[in-house]
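Structure file upload-v1.pdb with PDB, N, CA and C atoms:
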ATOM      1  N   MET A   3      34.105  25.252   6.304
ATOM      2  CA  MET A   3      33.892  23.904   5.835
ATOM      3  C   MET A   3      32.713  23.921   4.864
ATOM      4  N   GLY A   4      32.820  23.210   3.751
ATOM      5  CA  GLY A   4      31.767  23.168   2.758
ATOM      6  C   GLY A   4      30.620  22.272   3.166
ATOM      7  N   ARG A   5      29.535  22.381   2.418
ATOM      8  CA  ARG A   5      28.338  21.593   2.743
ATOM      9  C   ARG A   5      28.586  20.093   2.637
ATOM     10  N   LEU A   6      29.347  19.677   1.623
ATOM     11  CA  LEU A   6      29.648  18.257   1.469
ATOM     12  C   LEU A   6      30.495  17.766   2.640
ATOM     13  N   ALA A   7      31.480  18.551   3.030
ATOM     14  CA  ALA A   7      32.321  18.183   4.171
ATOM     15  C   ALA A   7      31.493  18.131   5.452
ATOM     16  N   ASP A   8      30.544  19.058   5.598
ATOM     17  CA  ASP A   8      29.656  19.042   6.765
ATOM     18  C   ASP A   8      28.818  17.765   6.791
ATOM     19  N   ALA A   9      28.280  17.388   5.630
ATOM     20  CA  ALA A   9      27.469  16.167   5.542
ATOM     21  C   ALA A   9      28.302  14.953   5.927
ATOM     22  N   SER A  10      29.527  14.898   5.420
ATOM     23  CA  SER A  10      30.421  13.776   5.744
ATOM     24  C   SER A  10      30.759  13.747   7.229
ATOM     25  N   ALA A  11      31.053  14.903   7.783
ATOM     26  CA  ALA A  11      31.407  14.975   9.197
ATOM     27  C   ALA A  11      30.239  14.556  10.078
ATOM     28  N   ASN A  12      29.019  14.954   9.704
ATOM     29  CA  ASN A  12      27.847  14.580  10.485
ATOM     30  C   ASN A  12      27.598  13.075  10.462
ATOM     31  N   LEU A  13      27.930  12.437   9.362
ATOM     32  CA  LEU A  13      27.698  10.998   9.250
ATOM     33  C   LEU A  13      28.831  10.159   9.830
ATOM     34  N   GLU A  14      29.984  10.782  10.018
ATOM     35  CA  GLU A  14      31.166  10.039  10.466
ATOM     36  C   GLU A  14      30.908   9.246  11.747
ATOM     37  N   SER A  15      30.214   9.842  12.684
ATOM     38  CA  SER A  15      29.946   9.151  13.947
ATOM     39  C   SER A  15      28.474   8.761  14.087
ATOM     40  N   ALA A  16      27.728   8.871  13.014
ATOM     41  CA  ALA A  16      26.301   8.581  13.058
ATOM     42  C   ALA A  16      26.032   7.087  13.192
ATOM     43  N   THR A  17      24.974   6.771  13.920
ATOM     44  CA  THR A  17      24.507   5.392  14.030
ATOM     45  C   THR A  17      22.988   5.388  13.947
ATOM     46  N   GLU A  18      22.466   4.254  13.576
ATOM     47  CA  GLU A  18      21.020   4.027  13.594
ATOM     48  C   GLU A  18      20.784   2.765  14.397
ATOM     49  N   GLU A  19      19.803   2.815  15.279
ATOM     50  CA  GLU A  19      19.486   1.661  16.109
ATOM     51  C   GLU A  19      18.022   1.280  15.928
ATOM     52  N   VAL A  20      17.776   0.002  15.822
ATOM     53  CA  VAL A  20      16.422  -0.529  15.710
ATOM     54  C   VAL A  20      16.262  -1.600  16.781
ATOM     55  N   VAL A  21      15.117  -1.570  17.438
ATOM     56  CA  VAL A  21      14.788  -2.566  18.457
ATOM     57  C   VAL A  21      13.574  -3.338  17.961
ATOM     58  N   ALA A  22      13.595  -4.649  18.137
ATOM     59  CA  ALA A  22      12.478  -5.493  17.723
ATOM     60  C   ALA A  22      11.209  -5.069  18.456
ATOM     61  N   LYS A  23      10.069  -5.299  17.809
ATOM     62  CA  LYS A  23       8.783  -4.929  18.415
ATOM     63  C   LYS A  23       8.587  -5.588  19.772
ATOM     64  N   ASN A  24       9.089  -6.793  19.936
ATOM     65  CA  ASN A  24       8.948  -7.485  21.221
ATOM     66  C   ASN A  24      10.062  -7.102  22.200
ATOM     67  N   ARG A  25      10.905  -6.150  21.795
ATOM     68  CA  ARG A  25      12.010  -5.610  22.608
ATOM     69  C   ARG A  25      13.054  -6.666  22.963
ATOM     70  N   LEU A  26      13.041  -7.776  22.273
ATOM     71  CA  LEU A  26      13.975  -8.863  22.541
ATOM     72  C   LEU A  26      15.397  -8.489  22.153
ATOM     73  N   VAL A  27      15.563  -7.928  20.967
ATOM     74  CA  VAL A  27      16.895  -7.678  20.423
ATOM     75  C   VAL A  27      16.930  -6.309  19.753
ATOM     76  N   GLY A  28      18.105  -5.691  19.804
ATOM     77  CA  GLY A  28      18.329  -4.416  19.139
ATOM     78  C   GLY A  28      19.631  -4.468  18.364
ATOM     79  N   ALA A  29      19.671  -3.726  17.274
ATOM     80  CA  ALA A  29      20.878  -3.676  16.452
ATOM     81  C   ALA A  29      21.220  -2.229  16.150
ATOM     82  N   LYS A  30      22.520  -1.935  16.159
ATOM     83  CA  LYS A  30      22.999  -0.594  15.832
ATOM     84  C   LYS A  30      24.018  -0.720  14.706
ATOM     85  N   VAL A  31      23.867   0.125  13.675
ATOM     86  CA  VAL A  31      24.804   0.136  12.553
ATOM     87  C   VAL A  31      25.407   1.527  12.412
ATOM     88  N   ASP A  32      26.593   1.575  11.798
ATOM     89  CA  ASP A  32      27.230   2.864  11.536
ATOM     90  C   ASP A  32      26.859   3.349  10.137
ATOM     91  N   ALA A  33      27.446   4.458   9.723
ATOM     92  CA  ALA A  33      27.091   5.078   8.447
ATOM     93  C   ALA A  33      27.448   4.220   7.239
ATOM     94  N   THR A  34      28.317   3.241   7.412
ATOM     95  CA  THR A  34      28.653   2.349   6.302
ATOM     96  C   THR A  34      27.731   1.137   6.270
ATOM     97  N   GLY A  35      26.841   1.040   7.260
ATOM     98  CA  GLY A  35      25.933  -0.094   7.327
ATOM     99  C   GLY A  35      26.492  -1.276   8.091
ATOM    100  N   GLU A  36      27.664  -1.106   8.668
ATOM    101  CA  GLU A  36      28.282  -2.186   9.436
ATOM    102  C   GLU A  36      27.623  -2.296  10.804
ATOM    103  N   LEU A  37      27.390  -3.512  11.230
ATOM    104  CA  LEU A  37      26.828  -3.761  12.551
ATOM    105  C   LEU A  37      27.871  -3.403  13.601
ATOM    106  N   VAL A  38      27.522  -2.491  14.512
ATOM    107  CA  VAL A  38      28.465  -2.091  15.553
ATOM    108  C   VAL A  38      28.021  -2.536  16.939
ATOM    109  N   GLU A  39      26.738  -2.929  17.062
ATOM    110  CA  GLU A  39      26.260  -3.385  18.361
ATOM    111  C   GLU A  39      25.022  -4.248  18.188
ATOM    112  N   LEU A  40      24.971  -5.312  18.927
ATOM    113  CA  LEU A  40      23.811  -6.198  18.962
ATOM    114  C   LEU A  40      23.501  -6.433  20.434
ATOM    115  N   LYS A  41      22.274  -6.083  20.843
ATOM    116  CA  LYS A  41      21.896  -6.198  22.253
ATOM    117  C   LYS A  41      20.701  -7.121  22.412
ATOM    118  N   PHE A  42      20.760  -7.944  23.439
ATOM    119  CA  PHE A  42      19.618  -8.743  23.838
ATOM    120  C   PHE A  42      19.081  -8.090  25.110
ATOM    121  N   HIS A  43      17.853  -7.605  25.045
ATOM    122  CA  HIS A  43      17.287  -6.840  26.154
ATOM    123  C   HIS A  43      16.662  -7.715  27.230
ATOM    124  N   THR A  44      16.410  -8.969  26.907
ATOM    125  CA  THR A  44      15.852  -9.909  27.882
ATOM    126  C   THR A  44      16.557 -11.250  27.697
ATOM    127  N   GLN A  45      16.232 -12.169  28.534
ATOM    128  CA  GLN A  45      16.774 -13.524  28.422
ATOM    129  C   GLN A  45      15.871 -14.428  27.589
ATOM    130  N   ALA A  46      14.798 -13.891  27.035
ATOM    131  CA  ALA A  46      13.814 -14.682  26.295
ATOM    132  C   ALA A  46      14.415 -15.374  25.074
ATOM    133  N   TYR A  47      15.500 -14.843  24.552
ATOM    134  CA  TYR A  47      16.119 -15.456  23.376
ATOM    135  C   TYR A  47      16.555 -16.897  23.651
ATOM    136  N   ARG A  48      16.798 -17.228  24.893
ATOM    137  CA  ARG A  48      17.246 -18.579  25.257
ATOM    138  C   ARG A  48      16.182 -19.640  24.993
ATOM    139  N   ASP A  49      14.924 -19.206  25.007
ATOM    140  CA  ASP A  49      13.814 -20.135  24.790
ATOM    141  C   ASP A  49      13.335 -20.155  23.342
ATOM    142  N   MET A  50      13.970 -19.382  22.479
ATOM    143  CA  MET A  50      13.536 -19.301  21.082
ATOM    144  C   MET A  50      14.186 -20.397  20.248
ATOM    145  N   ALA A  51      13.456 -20.810  19.239
ATOM    146  CA  ALA A  51      14.040 -21.736  18.266
ATOM    147  C   ALA A  51      15.145 -20.990  17.521
ATOM    148  N   PRO A  52      16.213 -21.666  17.137
ATOM    149  CA  PRO A  52      17.316 -21.006  16.437
ATOM    150  C   PRO A  52      16.862 -20.224  15.198
ATOM    151  N   THR A  53      15.943 -20.770  14.432
ATOM    152  CA  THR A  53      15.496 -20.057  13.225
ATOM    153  C   THR A  53      14.706 -18.810  13.581
ATOM    154  N   GLU A  54      13.947 -18.864  14.670
ATOM    155  CA  GLU A  54      13.174 -17.698  15.112
ATOM    156  C   GLU A  54      14.116 -16.593  15.594
ATOM    157  N   LEU A  55      15.135 -16.959  16.344
ATOM    158  CA  LEU A  55      16.116 -15.994  16.830
ATOM    159  C   LEU A  55      16.889 -15.391  15.663
ATOM    160  N   ALA A  56      17.302 -16.233  14.743
ATOM    161  CA  ALA A  56      18.029 -15.742  13.568
ATOM    162  C   ALA A  56      17.168 -14.756  12.774
ATOM    163  N   ALA A  57      15.888 -15.062  12.623
ATOM    164  CA  ALA A  57      14.991 -14.169  11.886
ATOM    165  C   ALA A  57      14.841 -12.829  12.600
ATOM    166  N   ALA A  58      14.751 -12.847  13.921
ATOM    167  CA  ALA A  58      14.623 -11.608  14.691
ATOM    168  C   ALA A  58      15.873 -10.748  14.549
ATOM    169  N   ILE A  59      17.035 -11.367  14.629
ATOM    170  CA  ILE A  59      18.295 -10.632  14.489
ATOM    171  C   ILE A  59      18.426 -10.076  13.085
ATOM    172  N   THR A  60      18.164 -10.897  12.090
ATOM    173  CA  THR A  60      18.255 -10.456  10.700
ATOM    174  C   THR A  60      17.330  -9.282  10.443
ATOM    175  N   ASP A  61      16.121  -9.340  10.982
ATOM    176  CA  ASP A  61      15.146  -8.264  10.781
ATOM    177  C   ASP A  61      15.639  -6.937  11.340
ATOM    178  N   VAL A  62      16.119  -6.918  12.586
ATOM    179  CA  VAL A  62      16.547  -5.641  13.171
ATOM    180  C   VAL A  62      17.801  -5.104  12.488
ATOM    181  N   VAL A  63      18.708  -5.985  12.106
ATOM    182  CA  VAL A  63      19.920  -5.525  11.410
ATOM    183  C   VAL A  63      19.549  -4.928  10.055
ATOM    184  N   ASN A  64      18.693  -5.606   9.314
ATOM    185  CA  ASN A  64      18.300  -5.090   7.997
ATOM    186  C   ASN A  64      17.525  -3.786   8.104
ATOM    187  N   ARG A  65      16.652  -3.659   9.099
ATOM    188  CA  ARG A  65      15.903  -2.405   9.260
ATOM    189  C   ARG A  65      16.831  -1.262   9.664
ATOM    190  N   ALA A  66      17.818  -1.543  10.504
ATOM    191  CA  ALA A  66      18.785  -0.507  10.891
ATOM    192  C   ALA A  66      19.606  -0.074   9.682
ATOM    193  N   ARG A  67      20.024  -1.034   8.869
ATOM    194  CA  ARG A  67      20.788  -0.700   7.660
ATOM    195  C   ARG A  67      19.951   0.129   6.692
ATOM    196  N   LYS A  68      18.679  -0.221   6.554
ATOM    197  CA  LYS A  68      17.802   0.531   5.653
ATOM    198  C   LYS A  68      17.632   1.965   6.145
ATOM    199  N   GLN A  69      17.420   2.134   7.446
ATOM    200  CA  GLN A  69      17.286   3.479   8.001
ATOM    201  C   GLN A  69      18.559   4.289   7.774
ATOM    202  N   MET A  70      19.716   3.656   7.960
ATOM    203  CA  MET A  70      20.970   4.377   7.764
ATOM    204  C   MET A  70      21.160   4.724   6.298
ATOM    205  N   ALA A  71      20.832   3.820   5.399
ATOM    206  CA  ALA A  71      20.959   4.107   3.965
ATOM    207  C   ALA A  71      20.083   5.288   3.584
ATOM    208  N   GLU A  72      18.888   5.365   4.142
ATOM    209  CA  GLU A  72      18.006   6.506   3.865
ATOM    210  C   GLU A  72      18.607   7.793   4.411
ATOM    211  N   ARG A  73      19.202   7.712   5.578
ATOM    212  CA  ARG A  73      19.837   8.890   6.190
ATOM    213  C   ARG A  73      21.026   9.375   5.349
ATOM    214  N   VAL A  74      21.836   8.429   4.898
ATOM    215  CA  VAL A  74      22.979   8.788   4.052
ATOM    216  C   VAL A  74      22.493   9.354   2.721
ATOM    217  N   SER A  75      21.452   8.760   2.158
ATOM    218  CA  SER A  75      20.887   9.257   0.899
ATOM    219  C   SER A  75      20.405  10.688   1.046
ATOM    220  N   GLU A  76      19.752  10.976   2.152
ATOM    221  CA  GLU A  76      19.275  12.339   2.395
ATOM    222  C   GLU A  76      20.444  13.310   2.531
ATOM    223  N   ALA A  77      21.501  12.874   3.205
ATOM    224  CA  ALA A  77      22.655  13.747   3.426
ATOM    225  C   ALA A  77      23.398  14.053   2.135
ATOM    226  N   TYR A  78      23.562  13.028   1.278
ATOM    227  CA  TYR A  78      24.349  13.212   0.063
ATOM    228  C   TYR A  78      23.510  13.489  -1.182
ATOM    229  N   GLY A  79      22.213  13.318  -1.088
ATOM    230  CA  GLY A  79      21.328  13.529  -2.226
ATOM    231  C   GLY A  79      21.520  14.863  -2.935
ATOM    232  N   PRO A  80      21.642  15.969  -2.201
ATOM    233  CA  PRO A  80      21.799  17.270  -2.865
ATOM    234  C   PRO A  80      23.082  17.413  -3.697
ATOM    235  N   PHE A  81      24.033  16.528  -3.480
ATOM    236  CA  PHE A  81      25.311  16.631  -4.180
ATOM    237  C   PHE A  81      25.390  15.740  -5.416
ATOM    238  N   LEU A  82      24.358  14.947  -5.644
ATOM    239  CA  LEU A  82      24.338  14.048  -6.798
ATOM    240  C   LEU A  82      23.677  14.733  -7.981
ATOM    241  N   PRO A  83      24.106  14.394  -9.178
ATOM    242  CA  PRO A  83      23.435  14.981 -10.343
ATOM    243  C   PRO A  83      21.982  14.517 -10.387
ATOM    244  N   GLU A  84      21.117  15.342 -10.941
ATOM    245  CA  GLU A  84      19.691  15.025 -10.990
ATOM    246  C   GLU A  84      19.409  13.718 -11.724
ATOM    247  N   VAL A  85      20.308  13.291 -12.575
ATOM    248  CA  VAL A  85      20.080  12.063 -13.344
ATOM    249  C   VAL A  85      20.378  10.805 -12.536
ATOM    250  N   ALA A  86      20.919  10.954 -11.330
ATOM    251  CA  ALA A  86      21.212   9.798 -10.480
ATOM    252  C   ALA A  86      20.568  10.016  -9.127
ATOM    253  N   GLY A  87      19.610   9.179  -8.780
ATOM    254  CA  GLY A  87      18.969   9.279  -7.484
ATOM    255  C   GLY A  87      19.852   8.730  -6.380
ATOM    256  N   ALA A  88      19.778   9.352  -5.211
ATOM    257  CA  ALA A  88      20.609   8.926  -4.087
ATOM    258  C   ALA A  88      20.317   7.478  -3.702
ATOM    259  N   ASN A  89      19.056   7.086  -3.714
ATOM    260  CA  ASN A  89      18.730   5.701  -3.359
ATOM    261  C   ASN A  89      19.324   4.721  -4.354
ATOM    262  N   GLU A  90      19.332   5.094  -5.615
ATOM    263  CA  GLU A  90      19.900   4.242  -6.662
ATOM    264  C   GLU A  90      21.407   4.070  -6.449
ATOM    265  N   VAL A  91      22.057   5.154  -6.083
ATOM    266  CA  VAL A  91      23.499   5.102  -5.836
ATOM    267  C   VAL A  91      23.789   4.281  -4.581
ATOM    268  N   MET A  92      23.042   4.544  -3.485
ATOM    269  CA  MET A  92      23.287   3.862  -2.211
ATOM    270  C   MET A  92      22.995   2.370  -2.280
ATOM    271  N   SER A  93      21.999   1.994  -3.066
ATOM    272  CA  SER A  93      21.646   0.580  -3.133
ATOM    273  C   SER A  93      22.558  -0.209  -4.054
ATOM    274  N   GLY A  94      23.396   0.500  -4.810
ATOM    275  CA  GLY A  94      24.285  -0.170  -5.743
ATOM    276  C   GLY A  94      23.614  -0.511  -7.055
ATOM    277  N   ASP A  95      22.415   0.029  -7.264
ATOM    278  CA  ASP A  95      21.665  -0.264  -8.482
ATOM    279  C   ASP A  95      22.014   0.660  -9.644
ATOM    280  N   LEU A  96      22.881   1.616  -9.428
ATOM    281  CA  LEU A  96      23.237   2.553 -10.485
ATOM    282  C   LEU A  96      24.228   1.901 -11.441
ATOM    283  N   ASP A  97      23.836   1.802 -12.677
ATOM    284  CA  ASP A  97      24.701   1.254 -13.724
ATOM    285  C   ASP A  97      25.518   2.413 -14.295
ATOM    286  N   PRO A  98      26.843   2.379 -14.164
ATOM    287  CA  PRO A  98      27.664   3.493 -14.643
ATOM    288  C   PRO A  98      27.464   3.796 -16.126
ATOM    289  N   LEU A  99      27.304   2.768 -16.947
ATOM    290  CA  LEU A  99      27.092   3.009 -18.376
ATOM    291  C   LEU A  99      25.746   3.668 -18.615
ATOM    292  N   GLU A 100      24.742   3.279 -17.853
ATOM    293  CA  GLU A 100      23.423   3.907 -17.964
ATOM    294  C   GLU A 100      23.490   5.368 -17.521
ATOM    295  N   LEU A 101      24.271   5.646 -16.476
ATOM    296  CA  LEU A 101      24.441   7.029 -16.022
ATOM    297  C   LEU A 101      25.068   7.871 -17.120
ATOM    298  N   LEU A 102      26.087   7.332 -17.778
ATOM    299  CA  LEU A 102      26.706   8.067 -18.881
ATOM    300  C   LEU A 102      25.689   8.353 -19.985
ATOM    301  N   ASP A 103      24.869   7.369 -20.287
ATOM    302  CA  ASP A 103      23.825   7.573 -21.288
ATOM    303  C   ASP A 103      22.856   8.674 -20.852
ATOM    304  N   ARG A 104      22.469   8.668 -19.576
ATOM    305  CA  ARG A 104      21.566   9.711 -19.058
ATOM    306  C   ARG A 104      22.179  11.096 -19.180
ATOM    307  N   LEU A 105      23.493  11.147 -19.001
ATOM    308  CA  LEU A 105      24.199  12.430 -19.107
ATOM    309  C   LEU A 105      24.475  12.830 -20.554
ATOM    310  N   GLY A 106      24.138  11.951 -21.492
ATOM    311  CA  GLY A 106      24.369  12.241 -22.908
ATOM    312  C   GLY A 106      25.798  12.007 -23.336
ATOM    313  N   ILE A 107      26.520  11.198 -22.590
ATOM    314  CA  ILE A 107      27.918  10.888 -22.899
ATOM    315  C   ILE A 107      27.964   9.482 -23.494
ATOM    316  N   PRO A 108      28.530   9.338 -24.681
ATOM    317  CA  PRO A 108      28.603   7.996 -25.261
ATOM    318  C   PRO A 108      29.317   7.052 -24.294
ATOM    319  N   SER A 109      28.721   5.879 -24.074
ATOM    320  CA  SER A 109      29.278   4.959 -23.085
ATOM    321  C   SER A 109      30.294   3.995 -23.678
ATOM    322  N   GLU A 110      30.481   4.029 -24.955
ATOM    323  CA  GLU A 110      31.492   3.161 -25.568
ATOM    324  C   GLU A 110      32.837   3.881 -25.585
ATOM    325  N   ASP A 111      33.880   3.151 -25.346
ATOM    326  CA  ASP A 111      35.224   3.701 -25.362
ATOM    327  C   ASP A 111      35.579   4.084 -26.806
ATOM    328  N   PRO A 112      35.836   5.351 -27.098
ATOM    329  CA  PRO A 112      36.099   5.786 -28.469
ATOM    330  C   PRO A 112      37.413   5.239 -29.043
ATOM    331  N   ARG A 113      38.288   4.708 -28.197
ATOM    332  CA  ARG A 113      39.569   4.173 -28.699
ATOM    333  C   ARG A 113      39.398   2.803 -29.318
ATOM    334  N   ARG A 114      38.266   2.183 -29.165
ATOM    335  CA  ARG A 114      38.051   0.820 -29.692
ATOM    336  C   ARG A 114      37.539   0.870 -31.093
TER     337      ARG A 114
END

What does this structure look like when you write it as structure tokens?
Amino acid sequence: MGRLADASANLESATEEVVAKNRLVGAKVDATGELVELKFHTQAYRDMAPTELAAAITDVVNRARKQMAERVSEAYGPFLPEVAGANEVMSGDLDPLELLDRLGIPSEDPRR
């Protein structure tokens, strides 16, 4: 099995879990960043204001997604061309036309 296939296989069942500092709530995401588990570790959430609870959940989900994105970036980073950073690709900030320019390939369609 090649290195790229190994990286993919390792991430296939990978998850990242983050627990709030107050241990109230935890979130687990898979390698695609999808939420696969949300746990309430205590009953304290029942006494929280809805906006406070929503903020706590949003925080742990976003931190878990960020950790997973970093993990995926590390796994696939060696396979990307030096002109495209893994974080740029994972965050969706990579402009395909800009990448072509970085590679020295004219980004305009020559048939036009």

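Listed by chain and then by number, the residues chosen by the PyMOL selection byres (((chain A and resi 33 and name CA) around 8) and name CA) in this file are Leu13, Glu14, Ser15, Ala16, Thr17, Val31, Asp32, Thr34, Gly35, Glu36, Met70, Ala71 and Val74 of chain A.
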
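Using only N, CA and C atoms, the nearest neighbour of His43 (chain A) within the list A:Lys30, A:Arg25, A:Arg5, A:Arg67 is A:Arg25.
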
Which distance in Å separates atom C of Ala7 (chain A) and atom N of Ser75 (chain A), to one decimal? 14.1 Å

Point out the residue among A:Ala77, A:Leu6, A:Ala51, A:Leu37 with the least atom-to-atom distance to Asn64 (chain A), counting only C-alpha atoms. A:Leu37

Which value, in Å to one decimal, gives the distance between atom N of Ile59 (chain A) and atom C of Glu76 (chain A)? 27.7 Å

Let me have the centre and edge lengths in Å, one decimal, of the box along x, y and z around every listed atom of region 62-80 of chain A with 3 Å of margin on each side, as lines of an AutoDock Vina configuration file.
center_x = 20.1
center_y = 5.2
center_z = 4.7
size_x = 14.4
size_y = 30.3
size_z = 22.9

Using only C-alpha atoms, the shortest atom-to-atom distance to Leu26 (chain A) among A:Leu99, A:Ala46, A:Ala56, A:Val63 belongs to A:Ala46

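Here CA of Val38 (chain A) stands at a distance of 18.4 Å from CA of Ala11 (chain A).
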
Mind completing region 31-39 of chain A with all heavy atoms? Output as a PDB file, keeping the file's coordinate frame, please?
ATOM      1  N   VAL A  31      23.867   0.125  13.675  1.00  0.00           N
ATOM      2  CA  VAL A  31      24.804   0.136  12.553  1.00  0.00           C
ATOM      3  C   VAL A  31      25.407   1.527  12.412  1.00  0.00           C
ATOM      4  O   VAL A  31      24.815   2.515  12.832  1.00  0.00           O
ATOM      5  CB  VAL A  31      24.131  -0.288  11.218  1.00  0.00           C
ATOM      6  CG1 VAL A  31      23.575  -1.700  11.304  1.00  0.00           C
ATOM      7  CG2 VAL A  31      23.058   0.691  10.802  1.00  0.00           C
ATOM      8  N   ASP A  32      26.593   1.575  11.798  1.00  0.00           N
ATOM      9  CA  ASP A  32      27.230   2.864  11.536  1.00  0.00           C
ATOM     10  C   ASP A  32      26.859   3.349  10.137  1.00  0.00           C
ATOM     11  O   ASP A  32      26.057   2.727   9.446  1.00  0.00           O
ATOM     12  CB  ASP A  32      28.744   2.781  11.740  1.00  0.00           C
ATOM     13  CG  ASP A  32      29.457   1.873  10.759  1.00  0.00           C
ATOM     14  OD1 ASP A  32      28.870   1.474   9.720  1.00  0.00           O
ATOM     15  OD2 ASP A  32      30.638   1.559  11.015  1.00  0.00           O
ATOM     16  N   ALA A  33      27.446   4.458   9.723  1.00  0.00           N
ATOM     17  CA  ALA A  33      27.091   5.078   8.447  1.00  0.00           C
ATOM     18  C   ALA A  33      27.448   4.220   7.239  1.00  0.00           C
ATOM     19  O   ALA A  33      26.900   4.418   6.162  1.00  0.00           O
ATOM     20  CB  ALA A  33      27.749   6.452   8.325  1.00  0.00           C
ATOM     21  N   THR A  34      28.317   3.241   7.412  1.00  0.00           N
ATOM     22  CA  THR A  34      28.653   2.349   6.302  1.00  0.00           C
ATOM     23  C   THR A  34      27.731   1.137   6.270  1.00  0.00           C
ATOM     24  O   THR A  34      27.847   0.300   5.380  1.00  0.00           O
ATOM     25  CB  THR A  34      30.115   1.857   6.387  1.00  0.00           C
ATOM     26  OG1 THR A  34      30.263   1.038   7.548  1.00  0.00           O
ATOM     27  CG2 THR A  34      31.093   3.020   6.416  1.00  0.00           C
ATOM     28  N   GLY A  35      26.841   1.040   7.260  1.00  0.00           N
ATOM     29  CA  GLY A  35      25.933  -0.094   7.327  1.00  0.00           C
ATOM     30  C   GLY A  35      26.492  -1.276   8.091  1.00  0.00           C
ATOM     31  O   GLY A  35      25.862  -2.322   8.186  1.00  0.00           O
ATOM     32  N   GLU A  36      27.664  -1.106   8.668  1.00  0.00           N
ATOM     33  CA  GLU A  36      28.282  -2.186   9.436  1.00  0.00           C
ATOM     34  C   GLU A  36      27.623  -2.296  10.804  1.00  0.00           C
ATOM     35  O   GLU A  36      27.348  -1.293  11.462  1.00  0.00           O
ATOM     36  CB  GLU A  36      29.785  -1.936   9.630  1.00  0.00           C
ATOM     37  CG  GLU A  36      30.587  -2.033   8.362  1.00  0.00           C
ATOM     38  CD  GLU A  36      30.617  -3.432   7.790  1.00  0.00           C
ATOM     39  OE1 GLU A  36      30.823  -4.399   8.555  1.00  0.00           O
ATOM     40  OE2 GLU A  36      30.428  -3.559   6.573  1.00  0.00           O
ATOM     41  N   LEU A  37      27.390  -3.512  11.230  1.00  0.00           N
ATOM     42  CA  LEU A  37      26.828  -3.761  12.551  1.00  0.00           C
ATOM     43  C   LEU A  37      27.871  -3.403  13.601  1.00  0.00           C
ATOM     44  O   LEU A  37      28.983  -3.930  13.589  1.00  0.00           O
ATOM     45  CB  LEU A  37      26.432  -5.237  12.672  1.00  0.00           C
ATOM     46  CG  LEU A  37      25.805  -5.675  13.981  1.00  0.00           C
ATOM     47  CD1 LEU A  37      24.471  -4.982  14.207  1.00  0.00           C
ATOM     48  CD2 LEU A  37      25.639  -7.185  13.990  1.00  0.00           C
ATOM     49  N   VAL A  38      27.522  -2.491  14.512  1.00  0.00           N
ATOM     50  CA  VAL A  38      28.465  -2.091  15.553  1.00  0.00           C
ATOM     51  C   VAL A  38      28.021  -2.536  16.939  1.00  0.00           C
ATOM     52  O   VAL A  38      28.820  -2.519  17.874  1.00  0.00           O
ATOM     53  CB  VAL A  38      28.732  -0.565  15.549  1.00  0.00           C
ATOM     54  CG1 VAL A  38      29.439  -0.149  14.273  1.00  0.00           C
ATOM     55  CG2 VAL A  38      27.460   0.230  15.746  1.00  0.00           C
ATOM     56  N   GLU A  39      26.738  -2.929  17.062  1.00  0.00           N
ATOM     57  CA  GLU A  39      26.260  -3.385  18.361  1.00  0.00           C
ATOM     58  C   GLU A  39      25.022  -4.248  18.188  1.00  0.00           C
ATOM     59  O   GLU A  39      24.146  -3.934  17.389  1.00  0.00           O
ATOM     60  CB  GLU A  39      25.919  -2.169  19.230  1.00  0.00           C
ATOM     61  CG  GLU A  39      25.566  -2.491  20.643  1.00  0.00           C
ATOM     62  CD  GLU A  39      25.366  -1.225  21.460  1.00  0.00           C
ATOM     63  OE1 GLU A  39      26.376  -0.685  21.971  1.00  0.00           O
ATOM     64  OE2 GLU A  39      24.211  -0.775  21.573  1.00  0.00           O
TER      65      GLU A  39
END
